[in-house]
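A.B. asks: Got a structure for you, questions after.
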Number of protein chains: 2
Amino acid sequence: MDLNDLARSSGEWLKGTGPESDIVMSSRIRLARNLSQFPFLSRADDGVRAEIERMMRRHLQELELKGHLNYVDVNALEGLDRQFLVERQLISRELAESHGSRGVGISAQENLSLMVNEEDHLRIQVFQSGFNLERCWEEINRVDDLLEERVSYAFSEQLGYLTACPTNVGTGIRVSVLLHLPALVATREAQKVFHALQKIHLTVRGLYGEGSQAMGDFYQISNQVTLGKSEAQLLKNLRDVIPNILEYERRVRNQLIKENRPAIHDKVARAYGTLRSAQAISSEETMQLLSHVRMGVNLGLIDDLDIPIVNELFIQTQPAHLQKLRKSHLESAERNSARAAYLRERLARN
Amino acid sequence: MDLNDLARSSGEWLKGTGPESDIVMSSRIRLARNLSQFPFLSRADDGVRAEIERMMRRHLQELELKGHLNYVDVNALEGLDRQFLVERQLISRELAESHGSRGVGISAQENLSLMVNEEDHLRIQVFQSGFNLERCWEEINRVDDLLEERVSYAFSEQLGYLTACPTNVGTGIRVSVLLHLPALVATREAQKVFHALQKIHLTVRGLYGEGSQAMGDFYQISNQVTLGKSEAQLLKNLRDVIPNILEYERRVRNQLIKENRPAIHDKVARAYGTLRSAQAISSEETMQLLSHVRMGVNLGLIDDLDIPIVNELFIQTQPAHLQKLRKSHLESAERNSARAAYLRERLARN
């Protein structure tokens with residue numbers, strides 16, 4: 001698998017073409033699984049880690065999936081490539097930054113990622129564009145079943161799936177949706193929403209998961225609890241709540257437009273203009289301006305740009321992607337200049 | 001004379017095509033003159049003012065100039081038209097805002113303006129594009145001589161020309177150049193320069209003269225003293241000093257480019273991008289961004305725009321010009337939107 005080829009596109013699930021894709025960037029489900037015959041990784045020495053990795057690699061490569069699965073030896077990657085996979089959300093920061101034998105299996109469309117030796121022996125992730133948790137659930141269930149035919153998971157009749165961290169014990173599931181909430185952020189309504197979500201045991205994180213800053217007005221909403229409720233219940237919980245947030249974001253967008261269309265249009269148009277003109281631009285500013293532009297396209301204030309391009313740019317302007325695209329190692333100032341050049345190129349009118 | 005027709009262009013002298021026009025926007029000389037048979041305006045009642053205006057209007061209309069002289073009855077103009085003439089620098093704010101009989105004679109190319117009943121009975125002004133004080137002096141001398149054949153100026157053998165304000169007594173001359181100093185302003189060197197100029201009795205003002213704010217990094221440098229020195233000496237004084245300021249501004253520009261070309265290029269490109277994208281923009285922001293763009297064109301950082309267009313936009317985006325161009329009275333918010341639309345139209349790539 002040539003990571004350089006990947007850089008020119010973004011994962012199918014980031015195209016933003018699914019249901020409710022004006023606000024829901026993507027849906028994701030991940031399962032935490034461990035093999036019964038090995039200790040958890042915190043108690044595994046290098047030899048055991050290597051053995052788990054070899055075994056899981058073989059199983060993954062032999063798995064009968066619809067498409068081809070690419071296995072990447074993360075330990076053998078250089079830092080830039082690991083960061084690249086993090087930016088694409090195919091591996092977690094934790095997997096990128098840890099040591100020793102570890103890897104990831106990635107499907108051709110990037111809708112499926114199987115991390116080996118992250119916090120648990122195996123983390124299965126399935127992505128879908130837009131608000132499509134059911135599809136994620138079907139897919140991940142199928143993959144989980146295929147794996148269970150081959151390996152014996154650490155499982156307790158009383159507790160359910162056993163995991164390295166107690167917060168994942170039980171179902172081992174995390175159901176999450178990535179939302180773009182520029183209007184709620186701009187009107188400072190977002191904090192109210194997040195506070196309400198916490199009360200019903202949902203977690204709010206930034207684009208790159210736990211501890212990451214919210215950038216570009218993107219927020220991941222996911223379940224906090226994995227124990228004591230069935231997967232179906234946890235799924236339903238999120239599926240029921242999200243539409244309220246979508247309606248709220250849309251209502252505030254329409255209200256903003258109704259009350260001050262010229263000011264919103266101006267903000268959006270200036271953001272678009274700056275992205276097409278700047279000669280140097282940071283990742284943070286790019287995310288913020290792309291966020292305005294994304295809302296502008298959805299509100300019909302920009303008519304010569306498609307959402308999939310905007311979504312791609314969120315990913316492709318990240319530091320590692322930029323260096324992959326430019327095929328060279330770039331310092332921060334060089335990246336700001338390369339990022340601006342790339343944005344001008346992609347957003348040129350003709 | 002239809003002021004609406006004027007709005008679509010700017011005076012010949014604002015085209016920025018003369019010597020040193022990367023920095024020197026224009027050169028200007030004005031003479032303050034009073035008629036010997038009438039009291040100064042501060043002591044003239046409405047009847048006397050009217051008599052002076054009638055007499056001067058007739059003389060101006062009969063003056064044998066190269067081109068046609070348009071006489072405008074400023075008292076009969078509505079506020080918008082008066083402001084329009086101020087924005088074009090053809091009349092002073094004082095003439096626009098005072099009351100009673102008053103007017104202005106304007107040459108076809110707008111290189112000559114003769115204000116009647118401003119602070120003095122007559123103010124003769126001659127403009128040239130770029131650094132061209134000699135040409136101004138030749139022109140204004142010729143007009144002054146033509147007038148002196150017809151009227152008797154208030155003149156004292158001991159003091160020279162007598163004027164309403166003692167600061168103008170003697171030669172009644174004000175020699176000034178309008179400079180664009182973005183690099184000196186950006187590096188905070190401008191204040192040093194201005195301090196040095198004051199020591200040699202030169203005055204620094206904003207774009208619209210006395211008391212006006214410096215906008216768009218434009219500064220008018222002119223003589224403070226009119227008494228005790230000949231016109232030739234005052235002219236020479238300014239002609240000798242200005243080249244030093246030009247050299248300083250150019251040196252700082254080159255230094256900025258040498259030390260931080262990417263940052264300068266970025267500032268210039270963003271300014272250009274914002275002017276071509278904004279949906280609402282104030283006059284102040286427009287001036288500031290046009291200033292960056294003007295420097296960018298002069299430094300070769302923008303290659304699809306000509307200086308005369310930038311110079312025109314400084315004038316045409318002023319409130320009264322904008323309303324003339326749009327042929328309607330516009331409130332502040334409407335103007336900001338109309339200004340942005342006009343800038344987009346004029347700066348569109350195709």
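FYI, nothing fancy with the structure tokens labels: chains A, B, ... in order, residues from 1 per chain, ligands from 1 as they appear.
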With a cut-off of 8 Å and counting only C-alpha atoms, select all residues of chain A in contact with chain B and give the selection as number ranges by chain.

C.D. replies: A: 262-263, 265-267, 269-270, 272-274, 276-280, 337

A.B. asks: Could you give me, as a compact mmCIF listing (two decimals) with all heavy atoms, in the first residue's frame, each residue of stretch 111-316 of chain B that DSSP assigns to strand (DSSP E or B) when run on this structure's backbone?

C.D. replies:
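Contents of part.txt, freshly written:
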# COMPACT_ATOMS: atom_id res chain seq x y z
N LEU B 112 -6.93 72.20 -12.34
CA LEU B 112 -7.03 73.56 -11.82
C LEU B 112 -8.37 73.72 -11.11
O LEU B 112 -9.41 73.31 -11.63
CB LEU B 112 -6.93 74.55 -13.00
CG LEU B 112 -7.23 76.02 -12.71
CD1 LEU B 112 -6.20 76.63 -11.77
CD2 LEU B 112 -7.30 76.81 -14.02
N SER B 113 -8.32 74.28 -9.92
CA SER B 113 -9.56 74.58 -9.21
C SER B 113 -9.42 75.96 -8.59
O SER B 113 -8.40 76.27 -7.98
CB SER B 113 -9.82 73.50 -8.15
OG SER B 113 -10.04 74.04 -6.87
N LEU B 114 -10.44 76.77 -8.75
CA LEU B 114 -10.42 78.14 -8.21
C LEU B 114 -11.62 78.31 -7.29
O LEU B 114 -12.77 78.36 -7.74
CB LEU B 114 -10.49 79.16 -9.36
CG LEU B 114 -9.32 79.08 -10.35
CD1 LEU B 114 -9.83 78.73 -11.73
CD2 LEU B 114 -8.52 80.37 -10.37
N MET B 115 -11.35 78.32 -5.98
CA MET B 115 -12.43 78.43 -5.00
C MET B 115 -12.71 79.89 -4.69
O MET B 115 -11.81 80.66 -4.36
CB MET B 115 -12.05 77.71 -3.71
CG MET B 115 -12.04 76.19 -3.83
SD MET B 115 -11.82 75.42 -2.22
CE MET B 115 -10.03 75.51 -2.05
N VAL B 116 -13.99 80.25 -4.76
CA VAL B 116 -14.41 81.62 -4.47
C VAL B 116 -15.11 81.65 -3.11
O VAL B 116 -15.99 80.83 -2.86
CB VAL B 116 -15.36 82.13 -5.58
CG1 VAL B 116 -15.89 83.52 -5.24
CG2 VAL B 116 -14.65 82.12 -6.92
N LEU B 122 -10.36 84.34 -2.94
CA LEU B 122 -9.99 83.40 -3.99
C LEU B 122 -8.88 82.46 -3.54
O LEU B 122 -7.90 82.89 -2.91
CB LEU B 122 -9.52 84.18 -5.24
CG LEU B 122 -9.17 83.34 -6.47
CD1 LEU B 122 -10.39 82.64 -7.03
CD2 LEU B 122 -8.53 84.23 -7.55
N ARG B 123 -9.05 81.20 -3.83
CA ARG B 123 -7.99 80.22 -3.62
C ARG B 123 -7.75 79.54 -4.96
O ARG B 123 -8.66 78.90 -5.50
CB ARG B 123 -8.43 79.15 -2.59
CG ARG B 123 -8.49 79.67 -1.15
CD ARG B 123 -7.12 79.60 -0.50
NE ARG B 123 -7.06 80.13 0.83
CZ ARG B 123 -6.98 79.39 1.94
NH1 ARG B 123 -7.02 78.07 1.87
NH2 ARG B 123 -6.85 79.96 3.12
N ILE B 124 -6.54 79.69 -5.49
CA ILE B 124 -6.20 79.06 -6.76
C ILE B 124 -5.43 77.79 -6.44
O ILE B 124 -4.47 77.82 -5.67
CB ILE B 124 -5.31 79.97 -7.63
CG1 ILE B 124 -5.84 81.40 -7.64
CG2 ILE B 124 -5.17 79.42 -9.04
CD1 ILE B 124 -4.90 82.40 -8.30
N GLN B 125 -5.85 76.67 -7.03
CA GLN B 125 -5.11 75.42 -6.80
C GLN B 125 -4.75 74.78 -8.13
O GLN B 125 -5.58 74.73 -9.03
CB GLN B 125 -5.98 74.40 -6.06
CG GLN B 125 -6.38 74.78 -4.67
CD GLN B 125 -7.08 73.60 -4.01
OE1 GLN B 125 -6.49 72.83 -3.27
NE2 GLN B 125 -8.35 73.45 -4.33
N VAL B 126 -3.52 74.28 -8.21
CA VAL B 126 -3.11 73.55 -9.40
C VAL B 126 -2.55 72.20 -8.97
O VAL B 126 -1.80 72.12 -8.00
CB VAL B 126 -2.07 74.35 -10.22
CG1 VAL B 126 -1.34 73.45 -11.19
CG2 VAL B 126 -2.77 75.47 -10.98
N PHE B 127 -2.95 71.15 -9.66
CA PHE B 127 -2.53 69.78 -9.33
C PHE B 127 -1.75 69.17 -10.48
O PHE B 127 -2.02 69.45 -11.64
CB PHE B 127 -3.75 68.88 -9.09
CG PHE B 127 -4.74 69.42 -8.12
CD1 PHE B 127 -5.81 70.20 -8.56
CD2 PHE B 127 -4.64 69.15 -6.77
CE1 PHE B 127 -6.75 70.70 -7.67
CE2 PHE B 127 -5.57 69.63 -5.87
CZ PHE B 127 -6.63 70.42 -6.33
N GLN B 128 -0.81 68.31 -10.13
CA GLN B 128 -0.13 67.50 -11.14
C GLN B 128 0.04 66.09 -10.58
O GLN B 128 0.19 65.90 -9.37
CB GLN B 128 1.26 68.08 -11.47
CG GLN B 128 1.23 69.32 -12.34
CD GLN B 128 0.79 69.01 -13.77
OE1 GLN B 128 1.13 67.97 -14.32
NE2 GLN B 128 0.01 69.91 -14.35
N SER B 129 0.00 65.13 -11.46
CA SER B 129 0.24 63.75 -11.07
C SER B 129 1.73 63.56 -10.77
O SER B 129 2.58 64.11 -11.46
CB SER B 129 -0.20 62.83 -12.21
OG SER B 129 0.02 61.49 -11.86
N TYR B 153 -5.48 92.71 -6.53
CA TYR B 153 -5.32 91.91 -5.32
C TYR B 153 -4.96 92.79 -4.13
O TYR B 153 -4.28 93.82 -4.28
CB TYR B 153 -4.17 90.91 -5.50
CG TYR B 153 -4.49 89.69 -6.36
CD1 TYR B 153 -3.47 89.10 -7.11
CD2 TYR B 153 -5.76 89.14 -6.40
CE1 TYR B 153 -3.71 87.98 -7.88
CE2 TYR B 153 -6.01 88.02 -7.19
CZ TYR B 153 -4.99 87.44 -7.92
OH TYR B 153 -5.23 86.33 -8.69
N PHE B 155 -2.63 93.75 -1.56
CA PHE B 155 -1.18 93.52 -1.54
C PHE B 155 -0.50 94.64 -0.77
O PHE B 155 -0.85 95.80 -0.91
CB PHE B 155 -0.67 93.46 -2.99
CG PHE B 155 0.78 93.09 -3.12
CD1 PHE B 155 1.18 91.75 -3.10
CD2 PHE B 155 1.76 94.09 -3.24
CE1 PHE B 155 2.52 91.42 -3.21
CE2 PHE B 155 3.11 93.75 -3.35
CZ PHE B 155 3.49 92.41 -3.34
N SER B 156 0.46 94.29 0.03
CA SER B 156 1.22 95.30 0.77
C SER B 156 2.67 95.20 0.35
O SER B 156 3.23 94.09 0.29
CB SER B 156 1.07 95.03 2.28
OG SER B 156 2.29 95.32 2.96
N GLY B 160 3.50 91.73 1.45
CA GLY B 160 3.15 90.85 0.33
C GLY B 160 1.64 90.72 0.22
O GLY B 160 0.92 91.65 0.61
N TYR B 161 1.16 89.55 -0.22
CA TYR B 161 -0.29 89.35 -0.36
C TYR B 161 -0.92 89.31 1.02
O TYR B 161 -0.40 88.67 1.93
CB TYR B 161 -0.59 88.07 -1.14
CG TYR B 161 -0.18 88.18 -2.58
CD1 TYR B 161 1.01 87.64 -3.04
CD2 TYR B 161 -1.01 88.86 -3.49
CE1 TYR B 161 1.40 87.76 -4.37
CE2 TYR B 161 -0.63 88.99 -4.82
CZ TYR B 161 0.58 88.45 -5.26
OH TYR B 161 0.95 88.59 -6.56
N GLY B 170 1.89 87.10 2.96
CA GLY B 170 3.21 87.09 2.32
C GLY B 170 3.09 86.56 0.91
O GLY B 170 2.60 87.24 0.02
N ILE B 173 1.23 81.24 -0.45
CA ILE B 173 1.43 79.97 -1.18
C ILE B 173 1.45 78.78 -0.24
O ILE B 173 1.93 78.87 0.90
CB ILE B 173 2.76 80.02 -1.99
CG1 ILE B 173 2.78 78.95 -3.10
CG2 ILE B 173 3.97 79.82 -1.10
CD1 ILE B 173 3.99 79.08 -4.03
N ARG B 174 0.85 77.69 -0.68
CA ARG B 174 1.08 76.42 -0.01
C ARG B 174 1.48 75.40 -1.08
O ARG B 174 0.74 75.14 -2.02
CB ARG B 174 -0.16 75.92 0.74
CG ARG B 174 0.11 74.60 1.49
CD ARG B 174 -1.07 74.12 2.31
NE ARG B 174 -1.23 74.84 3.55
CZ ARG B 174 -0.63 74.53 4.70
NH1 ARG B 174 0.21 73.52 4.76
NH2 ARG B 174 -0.88 75.23 5.78
N VAL B 175 2.69 74.87 -0.89
CA VAL B 175 3.23 73.90 -1.83
C VAL B 175 3.12 72.55 -1.14
O VAL B 175 3.59 72.40 -0.01
CB VAL B 175 4.73 74.19 -2.10
CG1 VAL B 175 5.28 73.22 -3.14
CG2 VAL B 175 4.92 75.63 -2.53
N SER B 176 2.50 71.57 -1.78
CA SER B 176 2.39 70.28 -1.07
C SER B 176 2.49 69.09 -2.01
O SER B 176 2.21 69.19 -3.20
CB SER B 176 1.11 70.22 -0.25
OG SER B 176 -0.01 70.24 -1.09
N VAL B 177 2.95 67.98 -1.44
CA VAL B 177 2.97 66.73 -2.19
C VAL B 177 2.23 65.68 -1.36
O VAL B 177 2.31 65.68 -0.14
CB VAL B 177 4.41 66.24 -2.48
CG1 VAL B 177 5.07 67.10 -3.54
CG2 VAL B 177 5.22 66.18 -1.22
N LEU B 178 1.50 64.82 -2.06
CA LEU B 178 0.75 63.75 -1.40
C LEU B 178 1.55 62.47 -1.57
O LEU B 178 1.76 61.99 -2.68
CB LEU B 178 -0.64 63.63 -2.04
CG LEU B 178 -1.59 62.59 -1.47
CD1 LEU B 178 -1.87 62.84 0.01
CD2 LEU B 178 -2.91 62.59 -2.25
N LEU B 179 2.01 61.94 -0.42
CA LEU B 179 2.90 60.77 -0.47
C LEU B 179 2.19 59.51 0.04
O LEU B 179 1.40 59.58 0.98
CB LEU B 179 4.13 61.01 0.40
CG LEU B 179 4.99 62.22 0.07
CD1 LEU B 179 6.18 62.29 1.03
CD2 LEU B 179 5.47 62.17 -1.37
N HIS B 180 2.52 58.40 -0.58
CA HIS B 180 2.03 57.10 -0.10
C HIS B 180 3.19 56.38 0.58
O HIS B 180 4.15 55.97 -0.07
CB HIS B 180 1.51 56.26 -1.29
CG HIS B 180 0.91 54.96 -0.88
ND1 HIS B 180 1.23 53.76 -1.47
CD2 HIS B 180 -0.01 54.67 0.08
CE1 HIS B 180 0.53 52.79 -0.89
NE2 HIS B 180 -0.22 53.31 0.04
N LEU B 202 8.08 72.14 7.93
CA LEU B 202 7.15 71.53 6.99
C LEU B 202 6.03 70.87 7.80
O LEU B 202 6.24 70.41 8.93
CB LEU B 202 7.85 70.49 6.11
CG LEU B 202 8.90 71.06 5.14
CD1 LEU B 202 9.59 69.95 4.37
CD2 LEU B 202 8.27 72.06 4.17
N THR B 203 4.83 70.86 7.23
CA THR B 203 3.66 70.34 7.93
C THR B 203 3.24 69.01 7.32
O THR B 203 3.34 68.83 6.11
CB THR B 203 2.49 71.35 7.79
OG1 THR B 203 2.91 72.60 8.32
CG2 THR B 203 1.26 70.87 8.54
N VAL B 204 2.78 68.10 8.17
CA VAL B 204 2.30 66.80 7.68
C VAL B 204 0.80 66.68 8.00
O VAL B 204 0.39 66.88 9.14
CB VAL B 204 3.05 65.64 8.37
CG1 VAL B 204 2.55 64.30 7.85
CG2 VAL B 204 4.55 65.77 8.15
N ARG B 205 0.01 66.39 7.01
CA ARG B 205 -1.44 66.24 7.20
C ARG B 205 -1.92 64.96 6.52
O ARG B 205 -1.20 64.36 5.74
CB ARG B 205 -2.20 67.41 6.58
CG ARG B 205 -1.73 68.75 7.04
CD ARG B 205 -2.33 69.84 6.19
NE ARG B 205 -1.82 71.14 6.63
CZ ARG B 205 -2.44 72.29 6.46
NH1 ARG B 205 -3.62 72.31 5.86
NH2 ARG B 205 -1.92 73.41 6.88
N GLY B 206 -3.19 64.61 6.80
CA GLY B 206 -3.80 63.45 6.14
C GLY B 206 -4.25 63.77 4.74
O GLY B 206 -4.04 64.89 4.24
N GLY B 209 -6.33 67.06 4.09
CA GLY B 209 -5.85 68.33 4.62
C GLY B 209 -5.98 68.48 6.11
O GLY B 209 -6.15 67.51 6.86
N PHE B 218 -1.55 57.62 3.41
CA PHE B 218 -1.28 58.82 2.61
C PHE B 218 -1.00 60.01 3.52
O PHE B 218 -1.69 60.22 4.51
CB PHE B 218 -2.49 59.16 1.73
CG PHE B 218 -2.60 58.27 0.54
CD1 PHE B 218 -3.60 57.32 0.45
CD2 PHE B 218 -1.69 58.40 -0.50
CE1 PHE B 218 -3.69 56.49 -0.65
CE2 PHE B 218 -1.78 57.57 -1.61
CZ PHE B 218 -2.78 56.62 -1.68
N TYR B 219 0.00 60.78 3.14
CA TYR B 219 0.35 61.97 3.92
C TYR B 219 0.65 63.12 2.98
O TYR B 219 1.32 62.94 1.95
CB TYR B 219 1.57 61.70 4.81
CG TYR B 219 1.24 60.72 5.90
CD1 TYR B 219 1.41 59.35 5.70
CD2 TYR B 219 0.71 61.16 7.12
CE1 TYR B 219 1.07 58.44 6.69
CE2 TYR B 219 0.37 60.25 8.11
CZ TYR B 219 0.55 58.89 7.90
OH TYR B 219 0.20 58.00 8.87
N GLN B 220 0.14 64.30 3.35
CA GLN B 220 0.46 65.51 2.60
C GLN B 220 1.56 66.26 3.32
O GLN B 220 1.41 66.60 4.49
CB GLN B 220 -0.76 66.43 2.55
CG GLN B 220 -1.74 66.08 1.46
CD GLN B 220 -2.71 67.22 1.22
OE1 GLN B 220 -2.31 68.35 1.02
NE2 GLN B 220 -4.00 66.88 1.26
N ILE B 221 2.63 66.53 2.62
CA ILE B 221 3.72 67.32 3.19
C ILE B 221 3.67 68.70 2.55
O ILE B 221 3.60 68.81 1.32
CB ILE B 221 5.11 66.70 2.86
CG1 ILE B 221 5.09 65.18 3.01
CG2 ILE B 221 6.20 67.35 3.70
CD1 ILE B 221 5.05 64.66 4.38
N SER B 222 3.69 69.76 3.37
CA SER B 222 3.63 71.11 2.80
C SER B 222 4.37 72.12 3.65
O SER B 222 4.74 71.83 4.79
CB SER B 222 2.16 71.54 2.63
OG SER B 222 1.54 71.58 3.90
N ASN B 223 4.58 73.30 3.06
CA ASN B 223 5.28 74.34 3.82
C ASN B 223 4.38 74.94 4.89
O ASN B 223 3.17 75.03 4.72
CB ASN B 223 5.76 75.45 2.88
CG ASN B 223 4.59 76.13 2.17
OD1 ASN B 223 3.83 75.47 1.47
ND2 ASN B 223 4.45 77.43 2.35

A.B. asks: Could you give me, as an MDAnalysis selection string, each residue of stretch 115-316 of chain A that DSSP assigns to helix (DSSP H, G or I) when run on this structure's backbone?

C.D. replies: chainID A and resid 133:148 166:168 182:186 190:199 231:277 283:298 307:316

A.B. asks: So the first atom is atom CA of A:Gln323 and the second is atom CA of A:Leu3; what is the distance between them in Å, to one decimal place?

C.D. replies: 11.7 Å

A.B. asks: So the first atom is atom CA of A:Arg335 and the second is atom CA of A:Leu95; what is the distance between them in Å, to one decimal place?

C.D. replies: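 These atoms are spaced 24.6 Å apart.
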
A.B. asks: With a distance cut-off of 7 Å and only C-alpha atoms, select the neighbouring residues of B:Leu69, excluding the residue or stretch itself and same-chain residues fewer than 5 positions from it, and output the selection as a ChimeraX atom specification.

C.D. replies: /B:61,105-108

A.B. asks: Neighbouring residues of A:Met215 were defined as those with any atom within 10 Å, considering only C-alpha atoms; residues of the same chain fewer than 3 positions away were excluded. Please report them as a count of residues only.

C.D. replies: 15

A.B. asks: So how many Å separate atom CA of A:Ser332 and atom CA of A:Asp81, to one decimal?

C.D. replies: 16.9 Å

A.B. asks: Pick out the closest residue to B:Met55 from this set: B:Gly103, B:Pro308, B:Gly296, B:Pro166. Count only C-alpha atoms.

C.D. replies: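 Ranking B:Gly103, B:Pro308, B:Gly296, B:Pro166 by distance to B:Met55, first place goes to B:Gly103.
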
A.B. asks: Can you work out which one of A:Gly16, A:Gly100, A:Gly228, A:Gly67 has the shortest atom-to-atom distance to A:Gly172, counting only C-alpha atoms?

C.D. replies: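 Distance minimum relative to A:Gly172 lands on A:Gly228.
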
A.B. asks: Given only C-alpha atoms as the basis, pick out the residue of B:Arg150, B:Leu246, B:Arg58, B:His292 nearest to B:Ala186.

C.D. replies: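 Once distances to B:Ala186 are computed over only C-alpha atoms, the minimum belongs to B:His292.
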
A.B. asks: Give me, as an MDAnalysis selection string, all polymer residues having an atom no more than 9 Å from A:Asn298, counting only C-alpha atoms and skipping those fewer than 5 positions away in the same chain.

C.D. replies: chainID A and resid 22:23 293 307

A.B. asks: At a cut-off of 10 Å, using only C-alpha atoms, what residues contact B:Asp304? Leave out same-chain residues fewer than 3 positions from it and give the result as a short mmCIF file (atom, residue, chain, number, x, y, z; two decimals) with all heavy atoms, in the first residue's frame.

C.D. replies:
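Output saved as around_3.cif:
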data_model
loop_
_atom_site.label_atom_id
_atom_site.label_comp_id
_atom_site.auth_asym_id
_atom_site.auth_seq_id
_atom_site.Cartn_x
_atom_site.Cartn_y
_atom_site.Cartn_z
N VAL B 297 1.55 46.21 -5.85
CA VAL B 297 1.72 46.42 -7.29
C VAL B 297 3.09 47.04 -7.55
O VAL B 297 3.84 46.58 -8.43
CB VAL B 297 0.59 47.32 -7.86
CG1 VAL B 297 0.86 47.64 -9.33
CG2 VAL B 297 -0.76 46.64 -7.71
N GLY B 300 5.87 44.63 -7.37
CA GLY B 300 5.80 43.50 -8.31
C GLY B 300 5.18 42.25 -7.72
O GLY B 300 5.32 41.15 -8.26
N LEU B 301 4.48 42.38 -6.57
CA LEU B 301 3.86 41.22 -5.94
C LEU B 301 2.47 40.95 -6.50
O LEU B 301 1.89 39.88 -6.30
CB LEU B 301 3.77 41.43 -4.42
CG LEU B 301 5.11 41.60 -3.70
CD1 LEU B 301 4.90 42.03 -2.25
CD2 LEU B 301 5.92 40.32 -3.76
N LEU B 347 -12.36 44.87 -9.62
CA LEU B 347 -11.16 44.06 -9.42
C LEU B 347 -11.31 42.63 -9.93
O LEU B 347 -10.39 41.81 -9.79
CB LEU B 347 -10.76 44.03 -7.94
CG LEU B 347 -10.33 45.39 -7.35
CD1 LEU B 347 -10.15 45.28 -5.85
CD2 LEU B 347 -9.07 45.91 -8.01
N ARG B 349 -11.06 39.46 -12.02
CA ARG B 349 -9.93 39.09 -12.86
C ARG B 349 -10.24 39.22 -14.34
O ARG B 349 -9.42 39.62 -15.14
CB ARG B 349 -9.50 37.65 -12.56
CG ARG B 349 -8.43 37.59 -11.51
CD ARG B 349 -8.24 36.15 -11.07
NE ARG B 349 -7.64 36.09 -9.75
CZ ARG B 349 -6.35 35.92 -9.55
NH1 ARG B 349 -5.52 35.83 -10.54
NH2 ARG B 349 -5.88 35.85 -8.33
#

A.B. asks: My list of candidates is A:Ser10, A:Ser98, A:Gln83, A:Asn117. Which is closest to A:Pro39 when distances are computed with only C-alpha atoms?

C.D. replies: A:Asn117

A.B. asks: Which residues are near A:Glu12? Cut-off 7 Å, only C-alpha atoms, ignore same chain within fewer than 3 positions. Put them as a list of chain:residue names.

C.D. replies: A:Lys15, A:Gln109, A:Glu110, A:Asn111
